[in-house]
Structures are given as structure tokens and as C-alpha cells.
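Student: Coordinates in data.pdb, PDB, C-alpha atoms and all ligand atoms, are listed below.
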```pdb
ATOM      1  CA  PHE A   1     -11.367  20.559  10.143
ATOM      2  CA  ARG A   2      -8.962  20.397   7.181
ATOM      3  CA  PRO A   3      -9.050  22.098   3.765
ATOM      4  CA  LYS A   4     -10.386  19.970   0.898
ATOM      5  CA  VAL A   5      -7.046  19.704  -0.909
ATOM      6  CA  LEU A   6      -8.204  16.623  -2.865
ATOM      7  CA  ALA A   7     -11.663  17.847  -3.859
ATOM      8  CA  GLY A   8     -12.668  16.444  -7.264
ATOM      9  CA  ARG A   9      -9.871  13.846  -7.178
ATOM     10  CA  LYS A  10     -10.242  10.064  -7.165
ATOM     11  CA  VAL A  11      -7.803   8.081  -5.019
ATOM     12  CA  VAL A  12      -7.265   4.315  -5.076
ATOM     13  CA  LEU A  13      -5.312   2.745  -2.198
ATOM     14  CA  THR A  14      -4.187  -0.714  -1.160
ATOM     15  CA  ALA A  15      -3.837  -1.597   2.520
ATOM     16  CA  GLY A  16      -3.212  -4.494   4.854
ATOM     17  CA  PRO A  17      -1.430  -7.763   4.121
ATOM     18  CA  THR A  18      -2.204 -10.255   1.393
ATOM     19  CA  PHE A  19      -2.939 -13.896   2.205
ATOM     20  CA  GLU A  20      -1.616 -16.533  -0.181
ATOM     21  CA  ALA A  21      -3.335 -19.894   0.246
ATOM     22  CA  ILE A  22      -1.295 -23.062   0.724
ATOM     23  CA  ASP A  23      -4.415 -25.203   1.162
ATOM     24  CA  PRO A  24      -7.998 -24.431   2.277
ATOM     25  CA  VAL A  25      -6.927 -23.695   5.872
ATOM     26  CA  ARG A  26      -3.340 -22.437   5.633
ATOM     27  CA  GLY A  27      -1.499 -19.646   3.952
ATOM     28  CA  ILE A  28       1.459 -17.270   3.775
ATOM     29  CA  THR A  29       0.975 -13.693   4.868
ATOM     30  CA  ASN A  30       2.788 -10.572   6.033
ATOM     31  CA  SER A  31       2.503  -8.850   9.354
ATOM     32  CA  SER A  32       0.447  -5.707   8.677
ATOM     33  CA  SER A  33      -2.362  -4.200  10.747
ATOM     34  CA  GLY A  34      -3.647  -2.023   7.899
ATOM     35  CA  LYS A  35      -3.764   0.976  10.250
ATOM     36  CA  MET A  36      -1.576   3.273   8.130
ATOM     37  CA  GLY A  37      -3.460   2.493   4.907
ATOM     38  CA  TYR A  38      -6.842   2.971   6.571
ATOM     39  CA  ALA A  39      -5.677   6.233   8.170
ATOM     40  CA  LEU A  40      -4.596   7.448   4.724
ATOM     41  CA  ALA A  41      -7.889   6.413   3.136
ATOM     42  CA  ARG A  42      -9.732   8.384   5.826
ATOM     43  CA  ALA A  43      -7.441  11.403   5.370
ATOM     44  CA  CYS A  44      -7.973  11.355   1.585
ATOM     45  CA  ARG A  45     -11.742  11.233   2.106
ATOM     46  CA  GLN A  46     -11.592  14.084   4.617
ATOM     47  CA  ALA A  47      -9.605  16.028   2.020
ATOM     48  CA  GLY A  48     -12.569  15.706  -0.349
ATOM     49  CA  ALA A  49     -11.463  12.805  -2.577
ATOM     50  CA  GLU A  50     -13.556   9.917  -3.878
ATOM     51  CA  VAL A  51     -11.758   6.957  -2.291
ATOM     52  CA  VAL A  52     -11.565   3.258  -3.172
ATOM     53  CA  LEU A  53      -9.695   1.161  -0.597
ATOM     54  CA  VAL A  54      -8.593  -2.266  -1.778
ATOM     55  CA  SER A  55      -7.891  -4.103   1.444
ATOM     56  CA  GLY A  56      -6.376  -7.413   2.429
ATOM     57  CA  PRO A  57      -7.713  -9.173   5.545
ATOM     58  CA  VAL A  58      -7.566  -6.789   8.535
ATOM     59  CA  ALA A  59      -9.644  -6.220  11.665
ATOM     60  CA  LEU A  60     -10.603  -2.614  10.870
ATOM     61  CA  ALA A  61     -13.864  -0.936   9.884
ATOM     62  CA  ALA A  62     -13.993   0.918   6.570
ATOM     63  CA  PRO A  63     -13.665   4.687   7.121
ATOM     64  CA  LEU A  64     -16.881   6.635   6.573
ATOM     65  CA  GLY A  65     -17.542   7.464   2.924
ATOM     66  CA  VAL A  66     -14.766   5.171   1.658
ATOM     67  CA  GLN A  67     -15.599   2.365  -0.765
ATOM     68  CA  ARG A  68     -13.809  -0.743   0.475
ATOM     69  CA  VAL A  69     -13.128  -3.764  -1.718
ATOM     70  CA  GLY A  70     -12.038  -6.778   0.342
ATOM     71  CA  VAL A  71      -9.481  -9.194  -1.147
ATOM     72  CA  HIS A  72      -7.197 -11.969   0.056
ATOM     73  CA  SER A  73      -4.425 -12.716  -2.415
ATOM     74  CA  ALA A  74      -2.064 -10.442  -4.341
ATOM     75  CA  LEU A  75      -3.663 -11.561  -7.617
ATOM     76  CA  GLN A  76      -7.111 -10.565  -6.300
ATOM     77  CA  MET A  77      -5.657  -7.272  -5.063
ATOM     78  CA  ARG A  78      -4.152  -6.522  -8.457
ATOM     79  CA  ALA A  79      -7.458  -7.313 -10.241
ATOM     80  CA  ALA A  80      -9.434  -5.092  -7.823
ATOM     81  CA  VAL A  81      -6.924  -2.250  -8.263
ATOM     82  CA  PHE A  82      -7.152  -2.397 -12.055
ATOM     83  CA  ASP A  83     -10.981  -2.461 -11.808
ATOM     84  CA  ALA A  84     -10.929   0.672  -9.639
ATOM     85  CA  LEU A  85      -8.248   2.533 -11.610
ATOM     86  CA  PRO A  86     -10.252   4.179 -14.436
ATOM     87  CA  GLY A  87     -10.535   7.886 -13.613
ATOM     88  CA  ALA A  88      -8.073   7.703 -10.685
ATOM     89  CA  ASP A  89      -5.793  10.712 -10.145
ATOM     90  CA  VAL A  90      -3.781   9.091  -7.356
ATOM     91  CA  PHE A  91      -2.746   5.527  -6.498
ATOM     92  CA  ILE A  92      -1.260   4.830  -3.061
ATOM     93  CA  GLY A  93       0.199   1.371  -2.433
ATOM     94  CA  VAL A  94       0.307   0.858   1.312
ATOM     95  CA  ALA A  95      -0.372  -2.886   1.326
ATOM     96  CA  ALA A  96       2.267  -5.335   2.493
ATOM     97  CA  VAL A  97       1.891  -7.552  -0.548
ATOM     98  CA  ALA A  98       3.399 -11.034  -0.200
ATOM     99  CA  ASP A  99       6.376 -11.255  -2.539
ATOM    100  CA  TYR A 100       5.641 -14.930  -3.291
ATOM    101  CA  ARG A 101       2.643 -17.249  -3.419
ATOM    102  CA  PRO A 102       2.480 -21.048  -3.432
ATOM    103  CA  ALA A 103       2.840 -22.127  -7.065
ATOM    104  CA  GLN A 104      -0.343 -24.139  -6.632
ATOM    105  CA  ALA A 105      -2.727 -24.131  -3.656
ATOM    106  CA  ALA A 106      -3.715 -27.669  -2.634
ATOM    107  CA  GLU A 107      -7.408 -28.369  -3.180
ATOM    108  CA  HIS A 108      -7.684 -30.261   0.113
ATOM    109  CA  LYS A 109      -6.049 -29.871   3.499
ATOM    110  CA  ILE A 110      -2.484 -31.162   3.414
ATOM    111  CA  LYS A 111      -2.120 -34.037   5.875
ATOM    112  CA  LYS A 112       0.682 -34.120   8.393
ATOM    113  CA  SER A 113       3.425 -36.706   7.953
ATOM    114  CA  GLY A 114       6.887 -37.167   9.362
ATOM    115  CA  ASP A 115       8.470 -36.125   6.046
ATOM    116  CA  VAL A 116       9.964 -32.802   5.030
ATOM    117  CA  LEU A 117       7.323 -30.706   3.253
ATOM    118  CA  GLN A 118       8.550 -28.615   0.336
ATOM    119  CA  LEU A 119       6.593 -25.611  -0.844
ATOM    120  CA  SER A 120       7.217 -24.236  -4.278
ATOM    121  CA  LEU A 121       6.754 -20.453  -4.408
ATOM    122  CA  THR A 122       6.239 -18.229  -7.409
ATOM    123  CA  PRO A 123       6.773 -14.430  -7.425
ATOM    124  CA  ASN A 124       3.725 -12.181  -7.169
ATOM    125  CA  PRO A 125       3.286  -9.219  -9.538
ATOM    126  CA  ASP A 126       4.398  -5.831  -8.214
ATOM    127  CA  ILE A 127       1.075  -3.978  -8.302
ATOM    128  CA  LEU A 128       2.518  -0.532  -7.661
ATOM    129  CA  ALA A 129       5.283  -0.879 -10.258
ATOM    130  CA  GLU A 130       2.704  -2.021 -12.834
ATOM    131  CA  VAL A 131       0.390   0.924 -12.125
ATOM    132  CA  ALA A 132       3.287   3.411 -12.182
ATOM    133  CA  ALA A 133       4.399   2.062 -15.576
ATOM    134  CA  LEU A 134       1.016   2.646 -17.242
ATOM    135  CA  PRO A 135       1.129   5.199 -20.088
ATOM    136  CA  GLN A 136      -1.528   7.370 -18.353
ATOM    137  CA  ALA A 137      -0.359   6.510 -14.829
ATOM    138  CA  PRO A 138      -2.037   8.249 -11.915
ATOM    139  CA  PHE A 139       0.189  10.048  -9.377
ATOM    140  CA  CYS A 140       1.745   7.029  -7.620
ATOM    141  CA  VAL A 141       2.779   6.895  -3.975
ATOM    142  CA  GLY A 142       4.701   3.965  -2.490
ATOM    143  CA  PHE A 143       5.581   2.852   0.995
ATOM    144  CA  ALA A 144       8.817   1.238   2.098
ATOM    145  CA  ALA A 145       9.004  -0.500   5.440
ATOM    146  CA  GLU A 146      12.611  -1.337   6.180
ATOM    147  CA  SER A 147      14.455  -2.696   9.179
ATOM    148  CA  ARG A 148      17.706  -0.803   8.353
ATOM    149  CA  ASP A 149      19.334   1.611   5.862
ATOM    150  CA  LEU A 150      16.031   3.385   5.263
ATOM    151  CA  ASP A 151      17.400   6.226   3.087
ATOM    152  CA  ALA A 152      19.236   3.915   0.693
ATOM    153  CA  TYR A 153      16.436   1.350   0.309
ATOM    154  CA  ALA A 154      13.669   3.949   0.102
ATOM    155  CA  THR A 155      15.477   6.006  -2.520
ATOM    156  CA  GLY A 156      16.275   2.825  -4.476
ATOM    157  CA  LYS A 157      12.618   1.738  -4.475
ATOM    158  CA  ARG A 158      11.403   5.183  -5.513
ATOM    159  CA  THR A 159      13.740   5.127  -8.500
ATOM    160  CA  ALA A 160      13.127   1.481  -9.440
ATOM    161  CA  LYS A 161       9.332   1.825  -9.349
ATOM    162  CA  ARG A 162       9.442   5.368 -10.862
ATOM    163  CA  LEU A 163       7.387   6.981  -8.082
ATOM    164  CA  PRO A 164       7.021  10.744  -7.599
ATOM    165  CA  LEU A 165       6.560  10.151  -3.846
ATOM    166  CA  LEU A 166       7.648   7.419  -1.471
ATOM    167  CA  VAL A 167       6.965   7.179   2.258
ATOM    168  CA  GLY A 168       9.617   5.340   4.241
ATOM    169  CA  ASN A 169       9.531   4.022   7.761
ATOM    170  CA  LEU A 170      11.677   1.780   9.909
ATOM    171  CA  VAL A 171       9.543  -1.217  10.835
ATOM    172  CA  GLN A 172      10.531  -1.161  14.486
ATOM    173  CA  ASP A 173       8.958   2.342  14.593
ATOM    174  CA  GLY A 174       5.517   1.594  13.302
ATOM    175  CA  LEU A 175       4.470  -2.012  12.947
ATOM    176  CA  GLY A 176       1.050  -2.669  14.466
ATOM    177  CA  GLY A 177       1.095   0.417  16.697
ATOM    178  CA  ASP A 178      -0.916   3.640  16.574
ATOM    179  CA  ASP A 179       2.138   5.878  16.110
ATOM    180  CA  ASN A 180       4.749   5.918  13.408
ATOM    181  CA  GLU A 181       7.785   7.885  12.283
ATOM    182  CA  VAL A 182       8.090   8.409   8.549
ATOM    183  CA  VAL A 183      10.261  10.165   5.993
ATOM    184  CA  LEU A 184       8.953  11.404   2.629
ATOM    185  CA  TYR A 185      11.162  11.100  -0.467
ATOM    186  CA  ASP A 186      10.401  13.067  -3.624
ATOM    187  CA  ASP A 187      12.223  14.895  -6.435
ATOM    188  CA  ASN A 188      13.189  17.635  -3.968
ATOM    189  CA  GLY A 189      14.823  15.240  -1.528
ATOM    190  CA  ARG A 190      14.031  14.019   1.940
ATOM    191  CA  HIS A 191      11.436  15.369   4.362
ATOM    192  CA  ALA A 192      11.297  13.830   7.846
ATOM    193  CA  LEU A 193       7.826  14.087   9.379
ATOM    194  CA  GLY A 194       8.878  12.954  12.856
ATOM    195  CA  ARG A 195       6.899  10.809  15.243
ATOM    196  CA  ALA A 196       3.129  11.216  15.391
ATOM    197  CA  ALA A 197      -0.152   9.313  15.482
ATOM    198  CA  LYS A 198      -0.867   7.517  12.193
ATOM    199  CA  GLY A 199      -3.945   9.726  11.619
ATOM    200  CA  GLU A 200      -1.877  12.898  11.954
ATOM    201  CA  LEU A 201       0.884  11.538   9.691
ATOM    202  CA  ALA A 202      -1.748  10.534   7.123
ATOM    203  CA  ALA A 203      -3.073  14.110   7.031
ATOM    204  CA  ARG A 204       0.465  15.476   6.516
ATOM    205  CA  ILE A 205       1.181  12.940   3.758
ATOM    206  CA  VAL A 206      -2.069  13.963   2.026
ATOM    207  CA  ASP A 207      -1.122  17.659   2.231
ATOM    208  CA  HIS A 208       2.292  16.876   0.746
ATOM    209  CA  LEU A 209       0.937  14.752  -2.086
ATOM    210  CA  ALA A 210      -1.796  17.283  -2.872
ATOM    211  CA  ALA A 211       0.838  20.013  -3.211
ATOM    212  CA  LEU A 212       2.914  17.832  -5.588
ATOM    213  CA  LEU A 213      -0.217  16.937  -7.565
ATOM    214  CA  GLU A 214      -1.148  20.608  -7.845
ATOM    215  CA  ARG A 215       2.318  21.438  -9.180
ATOM    216  CA  ARG A 216       2.038  18.643 -11.741
ATOM    217  CA  GLY A 217      -1.101  20.219 -13.153
ATOM    218  CA  PRO A 218      -4.458  18.802 -14.220
ATOM    219  CA  SER A 219      -4.572  15.111 -15.122
TER
HETATM  220  O1  LIG A 301       7.623  -4.799  -1.029
HETATM  221  P1  LIG A 301       8.250  -3.457  -1.343
HETATM  222  O2  LIG A 301       9.096  -2.948  -0.246
HETATM  223  O3  LIG A 301       8.869  -3.411  -2.709
HETATM  224  O4  LIG A 301       6.991  -2.468  -1.393
HETATM  225  C1  LIG A 301       7.155  -1.135  -1.738
HETATM  226  C2  LIG A 301       5.850  -0.597  -2.272
HETATM  227  O5  LIG A 301       5.383  -1.385  -3.370
HETATM  228  C3  LIG A 301       4.681  -0.557  -1.294
HETATM  229  O6  LIG A 301       4.013   0.652  -1.558
HETATM  230  C4  LIG A 301       3.852  -1.766  -1.647
HETATM  231  O7  LIG A 301       2.481  -1.571  -1.357
HETATM  232  C5  LIG A 301       4.087  -1.884  -3.136
HETATM  233  N1  LIG A 301       4.041  -3.275  -3.621
HETATM  234  C6  LIG A 301       3.049  -3.697  -4.500
HETATM  235  N2  LIG A 301       3.046  -4.984  -4.978
HETATM  236  C7  LIG A 301       4.011  -5.850  -4.595
HETATM  237  C8  LIG A 301       5.020  -5.448  -3.705
HETATM  238  C9  LIG A 301       5.006  -4.150  -3.233
HETATM  239  O8  LIG A 301       2.164  -2.904  -4.858
HETATM  240  N3  LIG A 301       3.979  -7.099  -5.056
END
```
Written as C-alpha cells, how would this file's structure read?
Ligand code: C5P
Tutor:
Amino acid sequence: FRPKVLAGRKVVLTAGPTFEAIDPVRGITNSSSGKMGYALARACRQAGAEVVLVSGPVALAAPLGVQRVGVHSALQMRAAVFDALPGADVFIGVAAVADYRPAQAAEHKIKKSGDVLQLSLTPNPDILAEVAALPQAPFCVGFAAESRDLDAYATGKRTAKRLPLLVGNLVQDGLGGDDNEVVLYDDNGRHALGRAAKGELAARIVDHLAALLERRGPS
């Protein structure tokens, strides 16, 4: 049983991949199980928060007491996040949002031919950066999954997106599995949490963010 460090707070999270349609049966996506985002949503709920989980397509059940909004594309995810945002104290972007989407999804299934097929891709909005740039921004937490140079990339992303807290992990450590190894980056530096089950890490991340939120004062 854990203390209710987020009692009275509203938390909005994104989790899972996004799916960007090419045609009615095909699309571009990222490899993401959603396990870390769902574990965090559960941990926030257990810490007493009201929780809205905006989720891309994953094979996971919504944690008890968490309001889940299912989406497919990055544009749908962004719209659902902005719908859920009023009154939010915390926004946690865990989703592996596709960086690009097909410029135009074909209305009908694209037929196979022997020719080269060119896809034109257009950049997706950065949901987390947009939320963090709002004048009355909630406390924003980002995730960085990297395959190398974690400290440099994670610190760079935290600065670029203006985030008080960023959680970094090396993808070979965590992708798809039940364990992960993460490092927290905030204004005080770097805090390695070591290897643990995603549920346990989620609880430690929540404790850390609640302490930072407390220090920041009432929103
Ligand atoms: O993709 P990137 O490494 O920049 O993602 C870092 C953080 O930004 C993650 O928390 C991710 O959920 C968020 N993000 C987002 N919208 C995007 C890309 C990333 O919210 N289009």
C-alpha cells in the first residue's frame, strides 16, 4: 500500500504507439507495448490521482479506475489530449508517437504492381512539446527511448521540450519486456533508478514527480 502522494491531482498520460494509415488496411507504426505507460497510469491512480490515459492500439486492459481514451493516429492522440487537459496538474507523454504520417491516406486499398511505390510523409505534431509550451502548462514529464548516448540525447530532449522531468531508457533494456532500467533527469541532475519491474519503476517515478510537484507549489 502506497501513500496518496497525488491525491486531488489530475494526470493525463499518453501510452502505446500511434498508427498512421497508408490505406484502409495498412499503416506505419512504432514498436511499443504500452506496458510502461499503463504501469504509470496505474501508479498515478494508486497514488490518488484522477487519471485519463490516452492510448494508441495496444493489447492491454485499462487499469482499474483509469479513464482510457482509445486513439489510432497522432492527430487523434493530440485532439484527445487537448480534450482531457483542462484541470490537469500533470501531463506524462509515454507514447511512442510516429514522427511522420502519410501525407494522404488512400481511400481504397493500394493494389500491388511491379513498380516502385513512393510514400510521401509529413511530420506529426510534437504533442508533449505543444503541451509544455502552453502558458498555463501542467507539470510535464517526457520519455526518451534511445539506442545509444542516453545522457546526451535525454538531456537534449528535456531542454528542447522544456520539461521539468524526463525519464530516459536504453531501448535494448526495456522494449516489450516486463522489466526496464531508467534514469530520471531533472533540474538537480541525473538519478539512476536501476533495473526493476515496470510497475515498481512506475511507483518510483510517481514518487519523484510528486516531490517535484510539491516543491513547485499549488497549480
Ligand atoms: O520521439 P521523442 O524521442 O522526441 O519523444 C520524446 C517524448 O516526446 C516522449 O515523451 C513522447 O511521448 C513525446 N512525443 C510526443 N509527440 C511526438 C513525439 C514525441 O508527445 N510527436
Student: How close does chain A get to ligand LIG 301 (chain A)? List, as a tab-separated table, each residue of chain A within 9 Å, its nearest atom pair and the distance in Å to one decimal, counting all atoms listed in the file.
Tutor:
```
residue	atom	partner	partner_atom	distance
A:Leu13	CA	A:LIG301	O7	8.9
A:Thr14	CA	A:LIG301	O7	6.7
A:Ala15	CA	A:LIG301	O7	7.4
A:Gly16	CA	A:LIG301	O7	8.9
A:Ala74	CA	A:LIG301	N3	6.9
A:Met77	CA	A:LIG301	O8	9.0
A:Arg78	CA	A:LIG301	O8	8.1
A:Ile92	CA	A:LIG301	O6	6.9
A:Gly93	CA	A:LIG301	O7	3.9
A:Val94	CA	A:LIG301	O7	4.2
A:Ala95	CA	A:LIG301	O7	4.1
A:Ala96	CA	A:LIG301	O7	5.4
A:Val97	CA	A:LIG301	C7	4.9
A:Ala98	CA	A:LIG301	N3	6.3
A:Asp99	CA	A:LIG301	N3	5.4
A:Tyr100	CA	A:LIG301	N3	8.2
A:Pro123	CA	A:LIG301	N3	8.2
A:Asn124	CA	A:LIG301	N3	5.5
A:Pro125	CA	A:LIG301	N3	5.0
A:Asp126	CA	A:LIG301	N3	3.4
A:Ile127	CA	A:LIG301	O8	3.8
A:Leu128	CA	A:LIG301	O8	3.7
A:Ala129	CA	A:LIG301	O8	6.6
A:Glu130	CA	A:LIG301	O8	8.0
A:Val131	CA	A:LIG301	O8	8.4
A:Val141	CA	A:LIG301	O6	6.8
A:Gly142	CA	A:LIG301	O6	3.5
A:Phe143	CA	A:LIG301	O6	3.7
A:Ala144	CA	A:LIG301	O2	4.8
A:Ala145	CA	A:LIG301	O2	6.2
A:Glu146	CA	A:LIG301	O2	7.5
A:Tyr153	CA	A:LIG301	O2	8.5
A:Ala154	CA	A:LIG301	O2	8.3
A:Lys157	CA	A:LIG301	O3	6.6
A:Arg158	CA	A:LIG301	C1	8.5
A:Lys161	CA	A:LIG301	O5	7.9
A:Leu166	CA	A:LIG301	O6	7.7
A:Val167	CA	A:LIG301	O6	8.1
```
Student: Taking into account only C-alpha atoms, which residue in the set A:His108, A:His72, A:Arg42, A:Lys4 is nearest to Lys198 (chain A)?
Tutor: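 Among the listed residues, A:Arg42 lies closest to Lys198 (chain A).
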Student: What does the distance from CA of Leu60 (chain A) to CA of Leu150 (chain A) come to in Å, to one decimal?
Tutor: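 The value is 27.9 Å.
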Student: Could you list, as a PyMOL selection string, every residue matched by the PyMOL selection byres (((chain A and resi 34) around 7) and not hetatm) in this structure?
Tutor: chain A and resi 15-16+32-33+35-38+58
Student: Can you list what the PyMOL selection byres (((chain A and resi 52) around 12) and not hetatm) grabs from this structure, as a PyMOL selection string?
Tutor: chain A and resi 9-15+37-38+40-42+44-45+49-51+53-55+62-70+80-93
Student: One decimal, Å: what's the distance from CA of Ser120 (chain A) over to CA of Phe19 (chain A), could you say?
Tutor: 15.9 Å
Student: Please determine an axis-aligned box that encloses all atoms of region 51-58 of chain A listed in the file, with 4 Å added on each side, and express its centre and edge lengths in Å to one decimal as lines of an AutoDock Vina configuration file.
Tutor:
```
center_x = -9.1
center_y = -1.1
center_z = 2.7
size_x = 13.4
size_y = 24.1
size_z = 19.7
```
Student: Name the residues captured by the PyMOL selection byres (((chain A and resi 22-24) around 7) and not hetatm) when it is applied to the shown file; answer as a PyMOL selection string.
Tutor: chain A and resi 20-21+25-27+102+105-110
Student: Rank A:Ala210, A:Leu165, A:Ala202, A:Ala61 by their smallest atom-to-atom distance to Asp187 (chain A), using all atoms listed in the file, and report the top residue only.
Tutor: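 Looking only at the distances to Asp187 (chain A), the closest residue turns out to be A:Leu165.
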Student: Would you list the contacts of Arg195 (chain A) as a list in words, taking every protein, DNA or RNA residue within 8 Å and counting all atoms listed in the file, but skipping same-chain residues closer than 3 positions in sequence?
Tutor: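 Counting all atoms listed in the file, the residues come to Asp179, Asn180, Glu181 and Val182 of chain A.
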Student: To one decimal place, how far is CA of Gln76 (chain A) from CA of Thr29 (chain A) in Å?
Tutor: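 These atoms are spaced 14.1 Å apart.
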Student: Identify which of the residues A:Leu121, A:Pro57, A:Arg190, A:Phe139 lies closest to Glu214 (chain A), counting all atoms listed in the file when measuring atom-to-atom distances.
Tutor: A:Phe139
Student: Looking at A:Ala197, A:Asp151, A:Ala103, A:Arg162, which one is nearest to Val183 (chain A), with distances taken over only C-alpha atoms?
Tutor: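 Result for the nearest residue to Val183 (chain A): A:Asp151.
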Student: Of the residues A:Leu201, A:Ser31, A:Pro164, A:Lys111, which is the one nearest to Gly189 (chain A), using all atoms listed in the file?
Tutor: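 That would be A:Pro164, the residue with the smallest distance to Gly189 (chain A).
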Student: Starting from the incomplete input, reconstruct N, CA and C atoms of region 83-103 of chain A and report them as a PDB file, in the frame of the given file.
Tutor:
```
ATOM      1  N   ASP A  83      -9.551  -2.783 -11.656  1.00  0.00           N
ATOM      2  CA  ASP A  83     -10.981  -2.461 -11.808  1.00  0.00           C
ATOM      3  C   ASP A  83     -11.278  -1.038 -11.351  1.00  0.00           C
ATOM      4  N   ALA A  84     -10.630  -0.627 -10.255  1.00  0.00           N
ATOM      5  CA  ALA A  84     -10.929   0.672  -9.639  1.00  0.00           C
ATOM      6  C   ALA A  84     -10.192   1.822 -10.309  1.00  0.00           C
ATOM      7  N   LEU A  85      -9.173   1.511 -11.105  1.00  0.00           N
ATOM      8  CA  LEU A  85      -8.248   2.533 -11.610  1.00  0.00           C
ATOM      9  C   LEU A  85      -8.820   3.562 -12.602  1.00  0.00           C
ATOM     10  N   PRO A  86      -9.793   3.173 -13.468  1.00  0.00           N
ATOM     11  CA  PRO A  86     -10.252   4.179 -14.436  1.00  0.00           C
ATOM     12  C   PRO A  86     -10.702   5.476 -13.741  1.00  0.00           C
ATOM     13  N   GLY A  87     -10.170   6.591 -14.178  1.00  0.00           N
ATOM     14  CA  GLY A  87     -10.535   7.886 -13.613  1.00  0.00           C
ATOM     15  C   GLY A  87      -9.733   8.280 -12.382  1.00  0.00           C
ATOM     16  N   ALA A  88      -8.828   7.384 -11.910  1.00  0.00           N
ATOM     17  CA  ALA A  88      -8.073   7.703 -10.685  1.00  0.00           C
ATOM     18  C   ALA A  88      -6.986   8.740 -10.960  1.00  0.00           C
ATOM     19  N   ASP A  89      -6.861   9.709 -10.068  1.00  0.00           N
ATOM     20  CA  ASP A  89      -5.793  10.712 -10.145  1.00  0.00           C
ATOM     21  C   ASP A  89      -4.577  10.282  -9.337  1.00  0.00           C
ATOM     22  N   VAL A  90      -4.845   9.473  -8.292  1.00  0.00           N
ATOM     23  CA  VAL A  90      -3.781   9.091  -7.356  1.00  0.00           C
ATOM     24  C   VAL A  90      -3.910   7.602  -7.045  1.00  0.00           C
ATOM     25  N   PHE A  91      -2.767   6.912  -6.989  1.00  0.00           N
ATOM     26  CA  PHE A  91      -2.746   5.527  -6.498  1.00  0.00           C
ATOM     27  C   PHE A  91      -1.723   5.445  -5.368  1.00  0.00           C
ATOM     28  N   ILE A  92      -2.162   4.949  -4.219  1.00  0.00           N
ATOM     29  CA  ILE A  92      -1.260   4.830  -3.061  1.00  0.00           C
ATOM     30  C   ILE A  92      -1.176   3.361  -2.663  1.00  0.00           C
ATOM     31  N   GLY A  93      -0.004   2.774  -2.796  1.00  0.00           N
ATOM     32  CA  GLY A  93       0.199   1.371  -2.433  1.00  0.00           C
ATOM     33  C   GLY A  93       0.735   1.295  -1.016  1.00  0.00           C
ATOM     34  N   VAL A  94      -0.143   0.981  -0.080  1.00  0.00           N
ATOM     35  CA  VAL A  94       0.307   0.858   1.312  1.00  0.00           C
ATOM     36  C   VAL A  94       0.372  -0.612   1.722  1.00  0.00           C
ATOM     37  N   ALA A  95      -0.277  -1.471   0.946  1.00  0.00           N
ATOM     38  CA  ALA A  95      -0.372  -2.886   1.326  1.00  0.00           C
ATOM     39  C   ALA A  95       1.001  -3.539   1.433  1.00  0.00           C
ATOM     40  N   ALA A  96       1.091  -4.467   2.379  1.00  0.00           N
ATOM     41  CA  ALA A  96       2.267  -5.335   2.493  1.00  0.00           C
ATOM     42  C   ALA A  96       1.962  -6.579   1.668  1.00  0.00           C
ATOM     43  N   VAL A  97       2.214  -6.466   0.380  1.00  0.00           N
ATOM     44  CA  VAL A  97       1.891  -7.552  -0.548  1.00  0.00           C
ATOM     45  C   VAL A  97       2.924  -8.671  -0.382  1.00  0.00           C
ATOM     46  N   ALA A  98       2.455  -9.910  -0.297  1.00  0.00           N
ATOM     47  CA  ALA A  98       3.399 -11.034  -0.200  1.00  0.00           C
ATOM     48  C   ALA A  98       4.216 -11.101  -1.485  1.00  0.00           C
ATOM     49  N   ASP A  99       5.524 -11.216  -1.352  1.00  0.00           N
ATOM     50  CA  ASP A  99       6.376 -11.255  -2.539  1.00  0.00           C
ATOM     51  C   ASP A  99       6.194 -12.543  -3.335  1.00  0.00           C
ATOM     52  N   TYR A 100       5.798 -13.620  -2.629  1.00  0.00           N
ATOM     53  CA  TYR A 100       5.641 -14.930  -3.291  1.00  0.00           C
ATOM     54  C   TYR A 100       4.315 -15.559  -2.901  1.00  0.00           C
ATOM     55  N   ARG A 101       3.822 -16.441  -3.752  1.00  0.00           N
ATOM     56  CA  ARG A 101       2.643 -17.249  -3.419  1.00  0.00           C
ATOM     57  C   ARG A 101       2.954 -18.706  -3.744  1.00  0.00           C
ATOM     58  N   PRO A 102       2.291 -19.646  -3.074  1.00  0.00           N
ATOM     59  CA  PRO A 102       2.480 -21.048  -3.432  1.00  0.00           C
ATOM     60  C   PRO A 102       2.152 -21.239  -4.918  1.00  0.00           C
ATOM     61  N   ALA A 103       3.011 -21.951  -5.619  1.00  0.00           N
ATOM     62  CA  ALA A 103       2.840 -22.127  -7.065  1.00  0.00           C
ATOM     63  C   ALA A 103       1.464 -22.706  -7.360  1.00  0.00           C
TER      64      ALA A 103
END
```
